[in-house]
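Peer 1: Would you mind keeping the following structure in view while I ask a few things?
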Amino acid sequence: MKRSITIVVCQLLFCFAANAQGGIVQGVVRDEESGTPLEGANVIVRGTLLGAATDRNGQFTIRGLPQRSLTIVVSMVGFRPAVVENVQATESPQPMLQITLRPTPIPMEQIVVTASRREQDLREVPASLAVITARSISDRNITTMDEAMRYVPGVTVLQDQVNIRGSSGYSRGVGSRVLLLLDGLPFLTGDTGEINWEAIPVRDVERVEVIKGAGSALYGSSALGGVINVLTRTVPEQAEFRFRLSSGLYDRMRFDEWNWYSKERFRSEATLGFAGTVGPAGIVAGIGRSVDESYRDNDAYHRWTVFAKGQIDVSETRQVSVVLNVLNRTHGNFIWWKSLREATKPAEIQRNGRVRSTRGNVSVAFRETVSERLFYVVKGMYFGNFWKDDSAGYEMNVSTSHRIQTDVQFTYAVAGNNFLTFGVAANADDVESNLFGTHGGYGLAAYVQDEWRFAEKANLTGGARLDVQKVSMLAAAAKLSPKAGVSYSISPSTTVRASLGAGFRYPSIGELFVSSSTNVSQLVILPNPNLKPETSLTGEIGGFTRISDNLEIDVAGFWNEFDNLIEPSVTIRPVRLSPSDTADVNRAVAEFGNITRARIVGAELGLRITWVERLVATDIGYTVLWPEDLSQNAILKFRSRHTLHASTNLTWGPYRISGDYRFISRVERVDDQLIALAPIVHGHARVPIHVLDLRASAALASLGLPLRIGVNVTNVLNYHYVELIGNLAPPRMYSLVLEGSL
Amino acid sequence: MKSLLLSVLLIVLLTSCDGGLTLPPLIEPALEGTITVQSPWPPQDSVKNLWLFASQIFPVDSANIFSGIFSGSIIIYPGLSLDSTLAYNVNVQTFHAKVPPATYYYIGILARHGDQFLETSSYRVVGILEEGPGQPRTVIVRNDEVVSGLQITVDFYNLPPQPF
């Protein structure tokens, strides 16, 4: 063992010392049907860590290659990947490789980065992974990223809490059992440890990768049920100016009692952006303004967003990028309805509440490709959150949190079929709030993962991460999260996979220290500094097969074991509201505790079908769950057993017609205590969810205009439902989108 | 295969989609139940009024009872006047008291036996809605909801703990 480690270390040192000179491979990538050069195609050299993206002329150059026979893999959204074997890298430039990609309406995205912290073929990943593209975000007129999550099979969203394969219930705005990453770094708020979807720069996202299943072995706390990695766009080679305008009109509801407004209500957004490069430096930046008048009373928001990303190629092998991302928002504080009869009006006590927030992050990343066998990335992020609300009507809640995170990652190709990824991470938190008190915390972690590929068929992965977290005056807690996985290609069109991974979540500062006697829910909330981390263990067996050029099937069976799940419990008991009070009084008291042990077993089926001469593509995803609350011998709260997602796209030249349908079976069990004691009038009212969206768009390039115009109708059936108790979902909406770039 | 899938989807869509949530019937929130007197009735001139009360305040004392009544935190049934009272000498009577939606921590029967109606010494609580012996039961009343089945027992000669 010692000898092996010594060899690896020596090899690493050699890699650092080695000059990154070597062979060159150049090529051009074109559309097989039109012959048009393709910009942004991903080109990687199999068995190495080297690769490139094509420029506006479809050309790429990869340097520093070993002078031997190589295999090149080229992929791009909307095309079938191409594999070019026996490519010879040479010292001097040779004639360009001519590579063509065959278009497919199936939204194929072959290269992913989240599962192993490096670029790899999706079929090598031993777990289920879904990809949301920038195109689909724009097509669906998504304004916050949680909306995009609603289209991912096996994923549901309760208000703003995302639930991957039933991992999360609803924990009232604190904690997340799904880890959100922004460009690979955790992006959870420092105080409540929750996802703030609006802080994600949705118009500057390149793609989103969603791992279904525990992911703490690479990413640490909160990855109990899955990991969502939002990847911001890279700086394009050529200068561009872009804009996007959208406006949506809320339709009237079926019942006059819910149509509380006399004037029509709109949701509108305008964004402007530009990108440019000067020599090795480039920048992409944008500013956005959104106003949602909302279909509900006291639920409107006004939002400004600013995003800027600078990128400098210090040398051919070194790159620095800096991101600035800021959100400023004022939002009404609609928490739950007054009653189902007045479902678009908030409970009386929330009537005039407002939440004002400013959130933002500054991130820096440095990446160096030391050789074909080694690269490292140093990342750092500051994420600040400030919010205040007057929801209670009597007291202003204020919270400020600062989080600093760093991650240093090395990826080393021990051999062409063996990739070692390892690194260290650290974070520091500082919270000051009248709800949570003043607390600090820090965490340290180290991780390692090794992948072996055998005979071009089997891919074995093993790894672990050790996290240590200390919050305020509490004792430090350590967690070790192992993982193992295998994928095996039975044939070029069929792959099977299996994985086992651990997850955990440290309680947030909010859950540990929240204390409030004037909360909007009329509950008295007490702190519980004795909370322990939640843990999970995920197993999955699955397979993918391409039955024909027109049909692909992906199946998965999974099993999750959860322990020490933190949930609030509400009881009526005598409490002393303030030290100056002379007597205890009876109040509804909420407190977080490690109270639930759970098991979720399920299966998922995914189909991708193309028809009508491959002009039409249909994706169908069905997930069935058996979510058991082992502590109470009942179904877990806030989980649906069945979810079905279907989407169809018809692409014909510059025209595109699409539709999405999702069905989510009725949530069988909710939080009765919350409904009774908050109280939420008609809190038990819920139905199965059926939502149908339709849209059409046209690119106007044929008219000489660099524009795309789109029409969207969401919730076409004007179906009334709740995702979260006491919250009526949006009615039908008609939207118009105009976007363009110069 | 494709046609089958499409058909299944269409069938699911068309047969199971009925518009979703609908309006519930309009109901005025109220407390509903039965008052049972299990002791002999005292002479009528010593029970000048008999009211049901529902208090969002607990504990109630002489300092907060009147402010609670006038602010609406303590509801008096059948009405806040010296002319209104529950029936005398009826051992089992029902009530339907309209109340605002709120959490009521203390519900019971108040008897006035003195003439000084602004003096707390003129009043006695003669029965309460109990969780356990002497322990008031909390009742949550929501919009559009009648909380029914409340049982209050009165014993004029074995009074529950008095608030004042």
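To be explicit about the labels: the chains of the structure tokens are called A, B, and onward in the order shown, and within each one the residues are counted from 1, while ligands get numbers from 1 in the order they are shown.
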Counting only C-alpha atoms, which residues in chain B sit no more than 8 Å from chain A? For each one, give the nearest pair of atoms and the distance in Å, sorted by chain then residue number, as a Markdown table.

Peer 2:
```
| residue | atom | partner | partner_atom | distance |
| --- | --- | --- | --- | --- |
| B:Leu13 | CA | A:His690 | CA | 7.5 |
| B:Cys17 | CA | A:His690 | CA | 6.6 |
| B:Asp18 | CA | A:Tyr719 | CA | 7.8 |
| B:Gly19 | CA | A:Tyr719 | CA | 4.8 |
| B:Gly20 | CA | A:His720 | CA | 4.7 |
| B:Leu21 | CA | A:His720 | CA | 5.3 |
| B:Thr22 | CA | A:His720 | CA | 7.9 |
| B:Leu23 | CA | A:Arg341 | CA | 5.6 |
| B:Pro24 | CA | A:Arg341 | CA | 6.4 |
| B:Leu26 | CA | A:Arg341 | CA | 7.6 |
| B:Phe58 | CA | A:Val585 | CA | 6.4 |
| B:Pro59 | CA | A:Val585 | CA | 6.8 |
| B:Tyr105 | CA | A:Asn586 | CA | 7.1 |
| B:Ile140 | CA | A:Ala676 | CA | 7.0 |
| B:Arg142 | CA | A:Val681 | CA | 5.5 |
| B:Asn143 | CA | A:Val681 | CA | 5.8 |
| B:Asp144 | CA | A:Val681 | CA | 7.5 |
```

Peer 1: Considering only C-alpha atoms, return as a tab-separated table (two decimals) with N, CA, C and O atoms, in the first residue's frame whatever protein or nucleic-acid residues lie within 7 Å of Thr85 (chain B), sequence-local ones (same chain, fewer than 2 positions apart) excluded.

Peer 2:
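In the end it all went to out.tsv:
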```
chain	number	residue	atom	x	y	z
B	49	ASN	N	-77.01	35.15	35.91
B	49	ASN	CA	-76.72	34.89	34.50
B	49	ASN	C	-75.85	33.63	34.39
B	49	ASN	O	-75.07	33.33	35.30
B	50	LEU	N	-75.97	33.00	33.26
B	50	LEU	CA	-75.13	31.83	32.98
B	50	LEU	C	-74.66	31.95	31.53
B	50	LEU	O	-75.48	32.05	30.61
B	51	TRP	N	-73.35	32.04	31.37
B	51	TRP	CA	-72.82	32.21	30.01
B	51	TRP	C	-71.80	31.13	29.69
B	51	TRP	O	-71.11	30.63	30.60
B	78	PRO	N	-74.68	33.25	25.38
B	78	PRO	CA	-75.29	33.64	24.09
B	78	PRO	C	-75.12	35.12	23.75
B	78	PRO	O	-75.38	35.49	22.61
B	83	ASP	N	-79.05	40.65	29.89
B	83	ASP	CA	-80.32	40.02	29.54
B	83	ASP	C	-80.16	38.63	28.95
B	83	ASP	O	-81.11	37.87	28.88
B	87	ALA	N	-80.06	28.67	29.60
B	87	ALA	CA	-81.32	28.32	30.28
B	87	ALA	C	-81.06	27.86	31.71
B	87	ALA	O	-80.08	27.17	31.99
```

Peer 1: Give the strand (DSSP E) residues of region 379-496 of chain A, as DSSP finds them on the backbone, and put them as a ChimeraX atom specification.

Peer 2: /A:379-389,397-415,418-433,437-454,458-471,477-491,494-496

Peer 1: Would you return as a PyMOL selection string the members of region 13-132 of chain B that DSSP assigns to helix (DSSP H, G or I) on this structure's backbone?

Peer 2: chain B and resi 13-16+44-46+65-71+120-122

Peer 1: Please provide as a list in words all residues within 9 Å of Gln161 (chain A), with the sequence filter that same-chain residues fewer than 4 positions apart are discarded (counting only C-alpha atoms).

Peer 2: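 In the requested form, the answer reads Asp146, Thr156, Val157, Ser168, Gly169, Tyr170, Ser171, Arg172, Gly173, Gly175, Ser176, Arg177, Val178, Glu194 and Ile195 of chain A.
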
Peer 1: Within 10 Å of Trp41 (chain B), counting only C-alpha atoms, which residues show up once you throw out same-chain ones fewer than 3 positions away? Write them as a VMD selection string, please.

Peer 2: chain B and resid 37 to 38 44 46 to 47 88 to 91 154 to 157

Peer 1: Within 6 Å of Gln56 (chain B), counting only C-alpha atoms, which residues qualify if same-chain residues fewer than 5 places away don't, as a short mmCIF file (atom, residue, chain, number, x, y, z; two decimals) with N, CA, C and O atoms, in the first residue's frame?

Peer 2:
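So the final result, stored in around_39.cif, reads:
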```
data_model
loop_
_atom_site.label_atom_id
_atom_site.label_comp_id
_atom_site.auth_asym_id
_atom_site.auth_seq_id
_atom_site.Cartn_x
_atom_site.Cartn_y
_atom_site.Cartn_z
N SER B 73 -61.10 38.93 22.62
CA SER B 73 -60.28 37.73 22.87
C SER B 73 -61.03 36.72 23.73
O SER B 73 -60.66 35.55 23.81
N THR B 103 -57.26 30.14 18.37
CA THR B 103 -57.00 29.07 19.33
C THR B 103 -57.57 29.48 20.68
O THR B 103 -57.24 30.54 21.20
N TYR B 104 -58.43 28.64 21.21
CA TYR B 104 -59.08 28.93 22.49
C TYR B 104 -58.50 28.01 23.56
O TYR B 104 -58.62 26.79 23.49
N TYR B 105 -57.86 28.64 24.52
CA TYR B 105 -57.15 27.87 25.53
C TYR B 105 -58.01 27.58 26.77
O TYR B 105 -57.62 26.78 27.62
#
```

Peer 1: Suppose you want the space between CA of Leu500 (chain A) and CA of Asn530 (chain A); what is it in Å?

Peer 2: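 Computing the Euclidean distance for CA of Leu500 (chain A) and CA of Asn530 (chain A) yields 29.3 Å.
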
Peer 1: Calculate how many Å separate CA of Pro730 (chain A) from CA of Leu636 (chain A), rounding to one decimal.

Peer 2: 25.9 Å

Peer 1: Using only C-alpha atoms, which protein or nucleic acid residues come within 7 Å of region 426-429 of chain A? Drop anything in the same chain fewer than 5 positions from it, and give the result as a list in words.

Peer 2: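 Contacts, with the query itself left out: Gly190, His402, Arg403, Ile404, Gln405, Thr406, Asp407, Gly440, Gly441, Tyr442, Gly443, Leu444 and Ala445 of chain A.
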
Peer 1: Can I get the selection written as a PDB file, in the first residue's frame, with C-alpha atoms?

Peer 2:
```pdb
ATOM      1  CA  GLY A 190     -25.476  30.087   5.705  1.00  0.00           C
ATOM      2  CA  HIS A 402     -21.717  35.005   5.319  1.00  0.00           C
ATOM      3  CA  ARG A 403     -20.281  31.790   3.971  1.00  0.00           C
ATOM      4  CA  ILE A 404     -16.810  31.282   2.541  1.00  0.00           C
ATOM      5  CA  GLN A 405     -15.968  28.028   0.793  1.00  0.00           C
ATOM      6  CA  THR A 406     -12.861  26.680  -0.847  1.00  0.00           C
ATOM      7  CA  ASP A 407     -12.123  23.498  -2.690  1.00  0.00           C
ATOM      8  CA  GLY A 440     -20.187  30.970  13.606  1.00  0.00           C
ATOM      9  CA  GLY A 441     -19.063  27.655  12.253  1.00  0.00           C
ATOM     10  CA  TYR A 442     -16.503  25.993  10.095  1.00  0.00           C
ATOM     11  CA  GLY A 443     -15.949  22.739   8.298  1.00  0.00           C
ATOM     12  CA  LEU A 444     -13.057  20.806   6.827  1.00  0.00           C
ATOM     13  CA  ALA A 445     -13.170  17.883   4.451  1.00  0.00           C
TER      14      ALA A 445
END
```

Peer 1: Find, counting only C-alpha atoms, the residue in B:Ile74, B:Ile69, B:Leu52, B:Leu129 that gets nearest to Ala111 (chain B).

Peer 2: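 Closest to Ala111 (chain B), using only C-alpha atoms: B:Leu52.
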
Peer 1: Quick one: distance from CA of Ser631 (chain A) to CA of Asn528 (chain A) in Å, one decimal?

Peer 2: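 One can read the CA of Ser631 (chain A) to CA of Asn528 (chain A) distance as 20.0 Å.
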